[in-house]
$ cat query26.txt   # compact mmCIF, C-alpha atoms and all ligand atoms
# COMPACT_ATOMS: atom_id res chain seq x y z
CA MET A 1 172.38 132.74 76.32
CA ASN A 2 175.80 132.46 78.00
CA GLN A 3 176.63 135.25 80.40
CA GLY A 4 179.86 136.89 79.27
CA THR A 5 182.24 139.20 81.12
CA GLY A 6 180.18 142.28 80.22
CA GLN A 7 176.90 140.85 81.48
CA LYS A 8 178.54 139.96 84.79
CA LEU A 9 180.19 143.37 85.09
CA TYR A 10 176.81 145.05 84.64
CA GLN A 11 175.39 143.08 87.57
CA LYS A 12 178.22 144.51 89.68
CA ALA A 13 177.71 147.99 88.20
CA LYS A 14 174.12 148.05 89.43
CA THR A 15 175.36 147.62 93.00
CA LEU A 16 177.89 150.45 92.63
CA ILE A 17 176.24 152.92 90.23
CA PRO A 18 172.57 153.89 90.70
CA GLY A 19 170.87 152.97 87.42
CA GLY A 20 173.95 151.02 86.32
CA THR A 21 175.08 153.59 83.73
CA MET A 22 175.15 157.37 83.43
CA LEU A 23 172.84 157.43 80.37
CA LEU A 24 169.37 155.94 80.24
CA SER A 25 169.69 155.09 76.54
CA LYS A 26 172.77 152.92 77.17
CA ARG A 27 171.18 150.81 79.88
CA PRO A 28 171.31 147.16 78.80
CA GLU A 29 167.62 146.94 79.76
CA MET A 30 166.86 149.22 76.81
CA PHE A 31 168.26 146.56 74.47
CA LEU A 32 168.35 143.05 75.89
CA PRO A 33 167.91 142.78 79.66
CA ASP A 34 170.30 140.21 81.20
CA ASN A 35 172.01 139.37 77.90
CA TRP A 36 173.45 142.61 76.46
CA PRO A 37 177.29 142.57 76.33
CA SER A 38 177.10 146.10 77.85
CA TYR A 39 180.78 147.10 77.78
CA PHE A 40 183.31 147.62 75.02
CA SER A 41 187.02 146.94 74.94
CA LYS A 42 187.58 148.58 71.53
CA ALA A 43 185.60 150.53 68.93
CA LYS A 44 186.63 151.43 65.39
CA GLY A 45 184.71 152.52 62.28
CA CYS A 46 181.26 151.03 62.83
CA LYS A 47 182.60 148.04 64.79
CA VAL A 48 182.62 147.40 68.52
CA TRP A 49 184.38 144.64 70.50
CA ASP A 50 183.01 143.42 73.83
CA LEU A 51 185.03 142.48 76.92
CA ASP A 52 185.47 138.93 75.63
CA GLY A 53 186.90 140.22 72.35
CA LYS A 54 183.79 139.39 70.31
CA GLU A 55 183.31 141.71 67.32
CA TYR A 56 179.99 143.35 66.36
CA ILE A 57 178.91 145.75 63.61
CA ASP A 58 177.04 148.61 65.25
CA MET A 59 173.79 148.95 63.33
CA SER A 60 172.12 150.56 66.35
CA ILE A 61 172.68 153.92 68.06
CA MET A 62 176.42 154.45 67.32
CA GLY A 63 177.28 155.77 70.78
CA ILE A 64 173.84 157.51 70.86
CA GLY A 65 174.57 159.54 67.74
CA THR A 66 177.95 160.90 68.76
CA ASN A 67 180.12 159.43 66.01
CA THR A 68 178.87 160.31 62.54
CA LEU A 69 182.46 159.92 61.25
CA GLY A 70 182.69 156.46 62.84
CA TYR A 71 184.40 155.37 66.05
CA GLY A 72 188.05 156.30 66.40
CA ASN A 73 188.20 158.45 63.27
CA ASP A 74 191.93 158.66 62.47
CA GLU A 75 192.04 162.35 61.59
CA VAL A 76 190.14 163.40 64.70
CA ASP A 77 192.05 161.02 66.96
CA ASN A 78 195.43 162.18 65.61
CA ALA A 79 194.52 165.81 66.31
CA VAL A 80 193.50 164.82 69.84
CA ILE A 81 196.70 162.80 70.37
CA GLU A 82 198.75 165.88 69.36
CA THR A 83 196.85 167.92 71.93
CA VAL A 84 197.45 165.28 74.58
CA LYS A 85 201.18 165.36 73.81
CA LYS A 86 201.32 169.15 73.93
CA GLY A 87 199.20 169.43 77.07
CA ASN A 88 195.45 169.47 77.56
CA MET A 89 195.20 171.95 80.43
CA SER A 90 197.04 175.02 81.69
CA THR A 91 196.52 178.28 83.53
CA PHE A 92 196.19 179.90 80.10
CA SER A 93 193.16 179.20 77.92
CA CYS A 94 193.49 177.18 74.69
CA PRO A 95 193.41 179.08 71.39
CA GLU A 96 191.28 176.33 69.84
CA GLU A 97 188.21 177.68 71.66
CA VAL A 98 188.51 181.00 69.83
CA MET A 99 189.09 179.26 66.49
CA LEU A 100 186.07 177.05 67.10
CA ALA A 101 183.89 180.03 68.08
CA GLU A 102 184.89 181.76 64.85
CA LYS A 103 184.06 178.65 62.81
CA LEU A 104 180.65 178.28 64.44
CA VAL A 105 179.80 181.91 63.74
CA GLU A 106 180.81 181.32 60.11
CA ILE A 107 178.51 178.26 59.97
CA ASN A 108 175.66 180.22 61.64
CA PRO A 109 175.96 183.67 60.01
CA TRP A 110 173.06 185.17 62.02
CA ALA A 111 175.04 184.49 65.23
CA ASP A 112 177.87 186.57 66.68
CA MET A 113 179.03 184.86 69.86
CA VAL A 114 179.54 181.38 71.32
CA ARG A 115 179.88 179.69 74.73
CA PHE A 116 181.16 176.14 75.15
CA ALA A 117 180.31 173.31 77.52
CA ARG A 118 180.82 169.56 77.42
CA SER A 119 177.31 168.08 77.36
CA GLY A 120 174.02 168.84 75.65
CA GLY A 121 172.17 169.28 78.93
CA GLU A 122 174.75 171.82 80.08
CA ALA A 123 174.50 173.75 76.82
CA ASN A 124 170.71 173.82 77.27
CA SER A 125 171.01 175.13 80.83
CA ILE A 126 173.45 177.81 79.71
CA ALA A 127 171.12 178.87 76.90
CA ILE A 128 168.14 179.10 79.24
CA ARG A 129 170.11 181.12 81.81
CA ILE A 130 171.30 183.56 79.13
CA ALA A 131 167.84 183.84 77.55
CA ARG A 132 166.21 184.49 80.94
CA ALA A 133 168.86 187.10 81.76
CA ALA A 134 168.39 188.73 78.34
CA SER A 135 164.58 188.75 78.37
CA GLY A 136 164.22 189.51 82.08
CA LYS A 137 161.47 186.84 82.12
CA ASP A 138 161.46 183.47 83.88
CA LYS A 139 158.84 181.62 81.87
CA VAL A 140 159.82 179.29 79.06
CA ALA A 141 157.84 177.32 76.46
CA ILE A 142 159.49 174.10 75.27
CA CYS A 143 159.00 171.38 72.69
CA GLY A 144 161.27 168.37 72.79
CA TYR A 145 163.93 166.82 74.98
CA HIS A 146 166.43 169.27 76.44
CA GLY A 147 168.38 167.37 79.11
CA TRP A 148 168.05 166.43 82.76
CA HIS A 149 168.43 169.77 84.54
CA ASP A 150 166.09 171.38 87.08
CA TRP A 151 164.84 174.12 84.73
CA TYR A 152 163.48 171.43 82.34
CA LEU A 153 162.09 168.83 84.76
CA ALA A 154 160.28 171.66 86.55
CA ALA A 155 157.58 171.21 83.88
CA ASN A 156 156.44 168.13 85.80
CA HIS A 157 155.61 170.32 88.80
CA ASN A 158 152.82 171.97 86.82
CA GLU A 159 149.47 170.22 86.89
CA GLY A 160 149.88 166.48 86.37
CA ASP A 161 152.58 165.10 84.14
CA GLU A 162 153.23 167.83 81.57
CA LEU A 163 156.38 166.24 80.23
CA SER A 164 154.78 162.87 79.73
CA GLY A 165 154.37 163.36 76.02
CA HIS A 166 157.81 164.88 75.70
CA LEU A 167 160.01 162.68 77.80
CA LEU A 168 159.32 159.61 79.87
CA PRO A 169 155.74 159.07 80.92
CA GLY A 170 155.58 159.41 84.68
CA LEU A 171 158.97 161.13 84.81
CA SER A 172 159.40 162.15 88.41
CA PRO A 173 160.74 165.60 89.24
CA ASN A 174 161.76 164.49 92.74
CA GLY A 175 164.59 166.70 93.96
CA VAL A 176 163.61 169.58 91.67
CA PRO A 177 162.49 172.57 93.83
CA LYS A 178 158.71 172.88 93.79
CA ASN A 179 158.89 176.63 93.61
CA LEU A 180 159.99 176.19 89.98
CA LYS A 181 156.35 175.19 89.30
CA ASP A 182 154.78 177.15 86.44
CA THR A 183 158.06 178.24 84.90
CA VAL A 184 158.15 175.78 81.96
CA TYR A 185 155.29 175.01 79.55
CA PRO A 186 155.58 172.13 77.03
CA PHE A 187 153.82 172.43 73.67
CA ASN A 188 153.29 169.81 70.97
CA TYR A 189 155.18 170.01 67.71
CA ASN A 190 153.16 171.49 64.83
CA ASN A 191 150.49 172.72 67.27
CA TYR A 192 150.78 176.47 66.78
CA GLU A 193 147.47 177.21 68.49
CA GLU A 194 148.69 175.51 71.66
CA LEU A 195 151.88 177.58 71.69
CA LEU A 196 149.92 180.76 70.98
CA SER A 197 147.62 180.03 73.90
CA ILE A 198 150.60 179.38 76.24
CA VAL A 199 152.25 182.63 75.13
CA THR A 200 149.00 184.59 75.46
CA LYS A 201 148.21 183.32 78.95
CA ASN A 202 151.74 183.47 80.40
CA ASP A 203 154.56 185.96 80.36
CA ILE A 204 156.83 183.78 78.20
CA GLY A 205 160.34 185.16 77.61
CA THR A 206 161.86 182.17 75.81
CA ILE A 207 160.72 179.50 73.35
CA LYS A 208 163.02 176.52 73.05
CA MET A 209 162.43 173.66 70.64
CA GLU A 210 163.96 170.90 68.58
CA VAL A 211 163.57 171.94 64.95
CA VAL A 212 162.76 168.42 63.70
CA ARG A 213 162.79 165.15 65.56
CA ASN A 214 160.53 162.45 64.22
CA PHE A 215 158.49 164.43 61.74
CA GLY A 216 158.88 167.76 59.94
CA PRO A 217 157.08 171.10 60.17
CA GLU A 218 153.62 171.45 58.65
CA ASP A 219 151.61 174.53 57.72
CA ASN A 220 154.60 176.88 58.01
CA PHE A 221 154.94 175.99 61.71
CA LEU A 222 158.54 177.14 62.17
CA GLN A 223 157.98 180.49 60.49
CA LYS A 224 154.85 181.07 62.60
CA VAL A 225 156.87 180.38 65.75
CA ARG A 226 159.55 182.82 64.53
CA ASP A 227 156.94 185.51 63.80
CA LEU A 228 155.34 185.04 67.22
CA ALA A 229 158.73 185.36 68.92
CA ASN A 230 159.41 188.57 66.98
CA GLN A 231 156.01 190.06 67.85
CA LYS A 232 156.30 189.30 71.56
CA ASN A 233 160.02 189.95 71.94
CA ILE A 234 160.64 186.33 72.89
CA VAL A 235 164.08 184.72 72.61
CA LEU A 236 163.77 181.79 70.16
CA ILE A 237 166.19 178.91 70.76
CA PHE A 238 166.69 175.90 68.49
CA ASP A 239 168.13 172.85 70.24
CA GLU A 240 170.29 171.24 67.57
CA CYS A 241 172.19 169.00 69.99
CA THR A 242 170.98 165.91 68.16
CA SER A 243 169.83 167.22 64.75
CA GLY A 244 172.94 169.33 64.05
CA PHE A 245 175.32 168.23 61.26
CA ARG A 246 173.02 165.41 60.14
CA GLU A 247 171.22 167.12 57.25
CA THR A 248 173.28 170.27 56.68
CA PHE A 249 176.69 171.61 57.69
CA GLY A 250 175.21 173.07 60.87
CA GLY A 251 171.65 173.11 62.10
CA ILE A 252 168.74 171.36 60.44
CA TYR A 253 167.03 174.79 60.67
CA LYS A 254 168.99 175.70 57.51
CA LYS A 255 166.73 173.41 55.52
CA PHE A 256 163.66 175.42 56.48
CA GLY A 257 165.04 178.95 56.16
CA VAL A 258 164.00 179.97 59.69
CA GLU A 259 166.72 181.31 61.98
CA PRO A 260 166.71 181.35 65.78
CA ASP A 261 168.27 183.83 68.22
CA MET A 262 170.32 181.05 69.82
CA ALA A 263 171.15 177.43 68.93
CA MET A 264 172.89 174.59 70.71
CA TYR A 265 175.08 171.88 69.24
CA GLY A 266 176.33 168.72 70.95
CA LYS A 267 176.54 165.00 70.27
CA THR A 268 178.43 164.63 67.00
CA ILE A 269 180.23 167.98 66.85
CA GLY A 270 183.37 166.41 68.38
CA ASN A 271 182.83 162.93 66.88
CA GLY A 272 182.67 161.27 70.28
CA TYR A 273 184.82 163.75 72.22
CA ALA A 274 182.90 165.90 74.68
CA LEU A 275 182.03 169.32 73.35
CA SER A 276 178.80 171.26 73.19
CA ALA A 277 178.20 174.83 72.10
CA VAL A 278 175.69 177.65 72.48
CA VAL A 279 175.73 180.09 69.58
CA GLY A 280 173.69 183.27 69.58
CA LYS A 281 173.09 186.83 68.58
CA LYS A 282 175.25 189.39 70.37
CA ALA A 283 172.28 191.21 71.91
CA VAL A 284 171.21 187.99 73.66
CA MET A 285 174.60 186.38 74.34
CA GLU A 286 176.00 189.45 76.09
CA ALA A 287 173.48 188.81 78.87
CA ALA A 288 175.91 186.05 79.93
CA GLN A 289 177.89 188.91 81.46
CA LYS A 290 174.97 189.87 83.70
CA THR A 291 174.87 186.44 85.36
CA PHE A 292 177.40 183.77 86.36
CA ILE A 293 178.16 180.89 83.98
CA SER A 294 181.57 179.30 84.53
CA SER A 295 183.12 175.84 84.84
CA THR A 296 186.67 174.41 85.07
CA PHE A 297 186.48 171.65 82.48
CA TRP A 298 184.78 173.84 79.91
CA THR A 299 188.32 175.16 79.34
CA GLU A 300 190.10 171.89 78.55
CA ARG A 301 191.59 171.48 75.11
CA ILE A 302 190.54 168.07 73.82
CA GLY A 303 186.92 169.04 73.15
CA PRO A 304 187.64 172.09 70.96
CA THR A 305 190.54 170.28 69.22
CA ALA A 306 188.25 167.38 68.33
CA ALA A 307 185.42 169.66 67.23
CA LEU A 308 187.67 171.76 64.96
CA LYS A 309 189.00 168.64 63.25
CA THR A 310 185.55 167.00 63.09
CA LEU A 311 184.10 170.07 61.39
CA GLU A 312 187.00 170.10 58.92
CA VAL A 313 186.49 166.42 58.04
CA MET A 314 182.70 166.77 57.87
CA GLU A 315 182.95 169.75 55.54
CA LYS A 316 185.52 168.03 53.31
CA MET A 317 183.44 164.88 52.82
CA LYS A 318 179.98 166.45 53.17
CA SER A 319 179.29 163.83 55.82
CA TRP A 320 175.67 164.98 56.30
CA GLU A 321 174.93 163.96 52.69
CA VAL A 322 176.65 160.60 53.15
CA ILE A 323 174.79 159.69 56.35
CA THR A 324 171.47 160.91 54.96
CA GLY A 325 171.96 158.64 51.93
CA ILE A 326 172.77 155.67 54.17
CA GLY A 327 169.73 156.39 56.38
CA GLU A 328 167.43 156.64 53.35
CA LYS A 329 168.66 153.26 52.17
CA MET A 330 167.97 151.72 55.59
CA GLN A 331 164.45 153.17 55.76
CA GLN A 332 163.58 151.85 52.30
CA LYS A 333 165.03 148.41 53.01
CA TRP A 334 163.12 148.13 56.32
CA LYS A 335 159.88 148.94 54.49
CA ASP A 336 160.63 146.47 51.68
CA LEU A 337 161.61 143.67 54.05
CA ALA A 338 158.57 144.20 56.27
CA SER A 339 156.19 144.17 53.34
CA SER A 340 157.83 141.05 51.87
CA HIS A 341 156.98 139.29 55.16
CA GLY A 342 153.53 140.86 55.46
CA LEU A 343 154.58 142.82 58.55
CA SER A 344 153.29 146.28 59.37
CA ILE A 345 155.95 148.73 60.58
CA SER A 346 156.10 152.53 60.92
CA VAL A 347 159.36 154.19 59.95
CA SER A 348 160.18 157.66 61.26
CA GLY A 349 162.99 160.10 61.99
CA ILE A 350 165.31 162.01 59.73
CA PRO A 351 167.25 159.45 57.67
CA ALA A 352 170.48 159.83 59.67
CA LEU A 353 168.51 159.08 62.87
CA SER A 354 166.15 156.43 61.58
CA THR A 355 163.78 154.44 63.69
CA TYR A 356 160.88 152.05 63.18
CA SER A 357 158.28 150.30 65.26
CA PHE A 358 156.24 147.17 64.71
CA ASN A 359 152.53 147.91 64.50
CA SER A 360 151.58 145.06 66.78
CA GLU A 361 150.53 144.45 70.36
CA GLN A 362 153.74 142.43 70.65
CA ALA A 363 155.96 145.25 69.35
CA MET A 364 158.31 145.25 72.32
CA GLU A 365 158.68 141.47 72.25
CA TYR A 366 159.56 141.63 68.55
CA LYS A 367 162.05 144.43 69.15
CA THR A 368 163.72 142.34 71.87
CA TYR A 369 163.78 139.33 69.57
CA VAL A 370 165.46 141.35 66.80
CA THR A 371 168.19 142.42 69.23
CA GLN A 372 168.59 138.90 70.64
CA GLU A 373 168.92 137.16 67.27
CA MET A 374 171.03 139.82 65.55
CA LEU A 375 173.45 139.81 68.49
CA LYS A 376 174.05 136.11 67.88
CA LYS A 377 175.08 137.03 64.32
CA GLY A 378 177.54 139.69 65.50
CA ILE A 379 175.29 142.67 64.85
CA LEU A 380 174.13 145.32 67.35
CA ALA A 381 170.57 146.06 66.34
CA SER A 382 167.48 147.53 67.92
CA THR A 383 164.78 149.47 66.08
CA HIS A 384 166.98 152.58 65.89
CA PHE A 385 169.72 153.12 63.36
CA TYR A 386 172.01 156.14 63.68
CA ALA A 387 174.11 156.41 60.54
CA CYS A 388 177.83 157.06 60.30
CA THR A 389 180.05 157.48 57.26
CA GLU A 390 181.62 154.07 57.93
CA HIS A 391 178.41 152.12 57.36
CA SER A 392 179.18 150.45 54.04
CA ASP A 393 176.82 148.70 51.62
CA GLU A 394 178.46 145.46 52.75
CA ASN A 395 177.45 146.18 56.37
CA ILE A 396 173.93 147.10 55.30
CA ASN A 397 173.54 143.96 53.13
CA ARG A 398 174.84 141.71 55.89
CA TYR A 399 172.39 143.31 58.32
CA PHE A 400 169.42 142.78 55.99
CA ASN A 401 170.42 139.21 55.13
CA GLU A 402 170.28 138.36 58.83
CA LEU A 403 167.18 140.44 59.50
CA ASP A 404 165.32 138.53 56.79
CA ALA A 405 165.27 135.32 58.87
CA VAL A 406 164.31 137.28 62.01
CA TYR A 407 161.36 138.96 60.25
CA ASN A 408 160.33 135.57 58.87
CA THR A 409 159.96 134.23 62.41
CA ILE A 410 158.22 137.41 63.60
CA SER A 411 155.77 137.06 60.75
CA LYS A 412 154.96 133.50 61.93
CA CYS A 413 154.39 134.89 65.44
CA GLU A 414 152.07 137.57 64.04
CA ASN A 415 150.12 134.86 62.25
CA GLY A 416 149.79 132.75 65.40
CA LYS A 417 152.00 129.93 64.07
CA MET A 418 154.68 130.55 66.68
CA ASN A 419 154.75 132.17 70.12
CA ILE A 420 157.23 135.03 70.53
CA LYS A 421 157.27 134.63 74.32
CA GLU A 422 158.69 131.13 73.91
CA LEU A 423 161.45 132.44 71.65
CA LEU A 424 162.75 135.11 74.03
CA GLU A 425 165.69 133.97 76.16
CA GLY A 426 165.31 136.77 78.73
CA PRO A 427 163.01 139.63 79.74
CA VAL A 428 161.45 142.06 77.24
CA CYS A 429 163.36 145.33 76.71
CA HIS A 430 162.21 148.54 78.39
CA SER A 431 160.68 151.28 76.28
CA GLY A 432 162.56 154.50 75.60
CA PHE A 433 161.56 158.15 75.38
CA LYS A 434 158.05 158.81 74.20
CA ARG A 435 158.03 162.01 72.22
CA LEU A 436 155.45 164.39 70.80
CA ASN A 437 157.91 165.96 68.39
C1 LIG B 501 167.78 167.67 71.51
C2 LIG B 501 168.62 167.26 72.69
N1 LIG B 501 168.98 168.20 73.57
C3 LIG B 501 169.72 167.90 74.65
C4 LIG B 501 170.15 166.62 74.88
C5 LIG B 501 170.95 166.31 76.10
O1 LIG B 501 172.29 166.10 75.77
P1 LIG B 501 173.25 165.32 76.76
O2 LIG B 501 172.76 163.92 76.88
O3 LIG B 501 174.61 165.42 76.10
O4 LIG B 501 173.25 166.06 78.08
C6 LIG B 501 169.80 165.60 73.98
C7 LIG B 501 170.24 164.22 74.20
O5 LIG B 501 169.71 163.26 73.73
C8 LIG B 501 169.00 165.94 72.86
O6 LIG B 501 168.61 165.00 71.97
$ encode --input "query26.txt" --output "structure tokens" --more "lines below"
Ligand SMILES: Cc1ncc(COP(=O)(O)O)c(C=O)c1O
Amino acid sequence: MNQGTGQKLYQKAKTLIPGGTMLLSKRPEMFLPDNWPSYFSKAKGCKVWDLDGKEYIDMSIMGIGTNTLGYGNDEVDNAVIETVKKGNMSTFSCPEEVMLAEKLVEINPWADMVRFARSGGEANSIAIRIARAASGKDKVAICGYHGWHDWYLAANHNEGDELSGHLLPGLSPNGVPKNLKDTVYPFNYNNYEELLSIVTKNDIGTIKMEVVRNFGPEDNFLQKVRDLANQKNIVLIFDECTSGFRETFGGIYKKFGVEPDMAMYGKTIGNGYALSAVVGKKAVMEAAQKTFISSTFWTERIGPTAALKTLEVMEKMKSWEVITGIGEKMQQKWKDLASSHGLSISVSGIPALSTYSFNSEQAMEYKTYVTQEMLKKGILASTHFYACTEHSDENINRYFNELDAVYNTISKCENGKMNIKELLEGPVCHSGFKRLN
């Protein structure tokens, strides 16, 4: 493969930026080491242009799930441009934050109050601080991924590698104070007995979890967690940073009829503009006044402007239904294509955040090959597909027409007629988060 401007810039980036990028999931090594275009000059709808002006359809992670209304949505961008013209910052606060708080309370009727931040990890840290202040207890039980902060990584200071099933195996908590040991206890999704045992043995004040990630609740799991929290006076927090606004207008918890005491939203709430929110019951949220939670750029105006407009557009077009329909189509077509080539794959995730894996010892080689070959056809593809409203049938059909030939070759590799290692033009991609939820 020819090295383009982006590939060369990434080599430089690695000498200037530890890890090359600020987000693990965007590292070129996660897609196509050495050959990923890496940087964009322009993005619109579900298309991205690299630094050499080459156009791609994004059939992969769509900015890691930030843009369910597509890149550069006109309505959202125009609202932001108006804010830029009027002024983004001042000594006064922006009224949009109050309007947005009101809207989020309307969307989450059990909640009374809201705090804003700009990233999901920040919102998670805020929620934990408030919950600890409200409960008066330090210990937290968690299930899922909740960001990079000390409170979360502290789980890896317990015996062994407690986060290994939840985050990256071998995730190192270097730099996280060791005296945070035994403050965070991970539990596996759908394993109520494990949670019960953690709560019984430790003085847990908070349970924080993703409501659904790769598979849904079984045996009334969510309601059992809610009942346990009620019995023990535990603050129950649902982390909807990624699941929010993908299956309902709000949290995915709405599908299951179980309400938390606090919830966080992030990712797509501002359609690519930075905004995250912590919503909660008054009795819990008021504990924010008993501690110190404050930051300059949580007061800027672009985030709340973008979120207000994004929510308006989402509600108008019922975007969660649109992206769920698109995701369902993708999942079915992956299964059909795989079976037509005699390949075994496992499809998982809610439809709007679909993913699949090859059931083969050479799964990572095949994944890399998919990315390599689809890139040549002008398509960004991995084994994840995060849907946006701009993914048309035409995009989907073009993707599957190209994927057909790729699967055909993979099938020959599976049958020993070809050797995948000889087909790869660079190193195999790195594996992502391993999750138990
Ligand atoms: C459920 C959940 N919580 C928190 C985060 C962290 O958000 P951010 O990367 O914006 O800090 C993520 C990000 O993937 C997430 O999926």
$ closest_atom_pairs --input "query26.txt" --of "chain A" --to "ligand LIG 501 (chain B)" --cutoff "9 Å" --atoms "only C-alpha atoms and all ligand atoms" --output "JSON lines"
{"residue": "A:Leu23", "atom": "CA", "partner": "B:LIG501", "partner_atom": "O2", "distance": 7.4}
{"residue": "A:Ser25", "atom": "CA", "partner": "B:LIG501", "partner_atom": "O5", "distance": 8.6}
{"residue": "A:Ile64", "atom": "CA", "partner": "B:LIG501", "partner_atom": "O5", "distance": 7.6}
{"residue": "A:Gly65", "atom": "CA", "partner": "B:LIG501", "partner_atom": "O5", "distance": 8.6}
{"residue": "A:Arg118", "atom": "CA", "partner": "B:LIG501", "partner_atom": "O3", "distance": 7.6}
{"residue": "A:Ser119", "atom": "CA", "partner": "B:LIG501", "partner_atom": "O3", "distance": 4.0}
{"residue": "A:Gly120", "atom": "CA", "partner": "B:LIG501", "partner_atom": "O1", "distance": 3.2}
{"residue": "A:Gly121", "atom": "CA", "partner": "B:LIG501", "partner_atom": "O4", "distance": 3.5}
{"residue": "A:Glu122", "atom": "CA", "partner": "B:LIG501", "partner_atom": "O4", "distance": 6.3}
{"residue": "A:Ala123", "atom": "CA", "partner": "B:LIG501", "partner_atom": "C3", "distance": 7.9}
{"residue": "A:Asn124", "atom": "CA", "partner": "B:LIG501", "partner_atom": "C3", "distance": 6.5}
{"residue": "A:Gly144", "atom": "CA", "partner": "B:LIG501", "partner_atom": "C1", "distance": 6.7}
{"residue": "A:Tyr145", "atom": "CA", "partner": "B:LIG501", "partner_atom": "C2", "distance": 5.2}
{"residue": "A:His146", "atom": "CA", "partner": "B:LIG501", "partner_atom": "N1", "distance": 4.0}
{"residue": "A:Gly147", "atom": "CA", "partner": "B:LIG501", "partner_atom": "C5", "distance": 4.1}
{"residue": "A:Trp148", "atom": "CA", "partner": "B:LIG501", "partner_atom": "O4", "distance": 7.0}
{"residue": "A:His149", "atom": "CA", "partner": "B:LIG501", "partner_atom": "O4", "distance": 8.9}
{"residue": "A:Met209", "atom": "CA", "partner": "B:LIG501", "partner_atom": "C1", "distance": 8.1}
{"residue": "A:Glu210", "atom": "CA", "partner": "B:LIG501", "partner_atom": "C1", "distance": 5.8}
{"residue": "A:Val211", "atom": "CA", "partner": "B:LIG501", "partner_atom": "C1", "distance": 8.9}
{"residue": "A:Arg213", "atom": "CA", "partner": "B:LIG501", "partner_atom": "C1", "distance": 8.2}
{"residue": "A:Phe238", "atom": "CA", "partner": "B:LIG501", "partner_atom": "C1", "distance": 8.8}
{"residue": "A:Asp239", "atom": "CA", "partner": "B:LIG501", "partner_atom": "C1", "distance": 5.3}
{"residue": "A:Glu240", "atom": "CA", "partner": "B:LIG501", "partner_atom": "C1", "distance": 5.9}
{"residue": "A:Cys241", "atom": "CA", "partner": "B:LIG501", "partner_atom": "C2", "distance": 4.8}
{"residue": "A:Thr242", "atom": "CA", "partner": "B:LIG501", "partner_atom": "O6", "distance": 4.6}
{"residue": "A:Ser243", "atom": "CA", "partner": "B:LIG501", "partner_atom": "C1", "distance": 7.1}
{"residue": "A:Met264", "atom": "CA", "partner": "B:LIG501", "partner_atom": "N1", "distance": 8.0}
{"residue": "A:Tyr265", "atom": "CA", "partner": "B:LIG501", "partner_atom": "N1", "distance": 8.3}
{"residue": "A:Gly266", "atom": "CA", "partner": "B:LIG501", "partner_atom": "O3", "distance": 6.4}
{"residue": "A:Lys267", "atom": "CA", "partner": "B:LIG501", "partner_atom": "O3", "distance": 6.2}
{"residue": "A:Ala274", "atom": "CA", "partner": "B:LIG501", "partner_atom": "O3", "distance": 8.4}
{"residue": "A:Leu275", "atom": "CA", "partner": "B:LIG501", "partner_atom": "O3", "distance": 8.8}
{"residue": "A:Ser276", "atom": "CA", "partner": "B:LIG501", "partner_atom": "O3", "distance": 7.8}
$ atom_distance --input "query26.txt" --atom1 "atom CA of A:Leu163" --atom2 "atom CA of A:Ser125"
17.1 Å
$ closest_residue --input "query26.txt" --among "A:Asn88, A:Thr383, A:Thr409, A:Ser60" --to "A:Thr355" --atoms "only C-alpha atoms"
A:Thr383
$ closest_atom_pairs --input "query26.txt" --of "stretch 253-358 of chain A" --to "stretch 98-102 of chain A" --cutoff "8 Å" --atoms "only C-alpha atoms" --output "JSON lines"
{"residue": "A:Pro304", "atom": "CA", "partner": "A:Leu100", "partner_atom": "CA", "distance": 6.5}
{"residue": "A:Ala307", "atom": "CA", "partner": "A:Leu100", "partner_atom": "CA", "distance": 7.4}
{"residue": "A:Leu308", "atom": "CA", "partner": "A:Leu100", "partner_atom": "CA", "distance": 5.9}
$ closest_atom_pairs --input "query26.txt" --of "stretch 45-146 of chain A" --to "stretch 364-375 of chain A" --cutoff "12 Å" --atoms "only C-alpha atoms" --output "tab-separated table"
residue	atom	partner	partner_atom	distance
A:Val48	CA	A:Leu375	CA	11.9
A:Asp50	CA	A:Leu375	CA	11.5
A:Lys54	CA	A:Leu375	CA	10.5
A:Glu55	CA	A:Leu375	CA	10.1
A:Tyr56	CA	A:Leu375	CA	7.7
A:Ile57	CA	A:Leu375	CA	9.4
A:Asp58	CA	A:Leu375	CA	10.0
A:Met59	CA	A:Met374	CA	9.8
A:Ser60	CA	A:Thr371	CA	9.5
$ atom_distance --input "query26.txt" --atom1 "atom CA of A:Glu422" --atom2 "atom CA of A:Val406"
14.5 Å
$ closest_residue --input "query26.txt" --among "A:Ala155, A:Val235, A:Ile410, A:Val184" --to "A:Gly342" --atoms "only C-alpha atoms"
A:Ile410
$ residues_around --input "query26.txt" --residues "A:Asn233" --least-positions-apart "4" --cutoff "10 Å" --atoms "only C-alpha atoms" --output "PyMOL selection string"
chain A and resi 135+204-206+227-229
$ residues_near_point --input "query26.txt" --point "(169.7, 148.2, 75.3)" --cutoff "10 Å" --atoms "all atoms listed in the file" --output "PyMOL selection string"
chain A and resi 24-38+60-61+368+371+380-382+429-432
$ closest_residue --input "query26.txt" --among "A:Ser360, A:Gln289, A:Asn408, A:Asn108" --to "A:Ala338" --atoms "only C-alpha atoms"
A:Asn408
$ closest_residue --input "query26.txt" --among "A:Ile269, A:Ala306, A:Met22, A:Cys46" --to "A:Val84" --atoms "all atoms listed in the file"
A:Ala306
$ atom_distance --input "query26.txt" --atom1 "atom CA of A:Glu194" --atom2 "atom CA of A:Arg132"
21.8 Å
$ closest_residue --input "query26.txt" --among "A:Val212, A:Met89, A:Val347, A:Ala117" --to "A:Gly270" --atoms "only C-alpha atoms"
A:Ala117
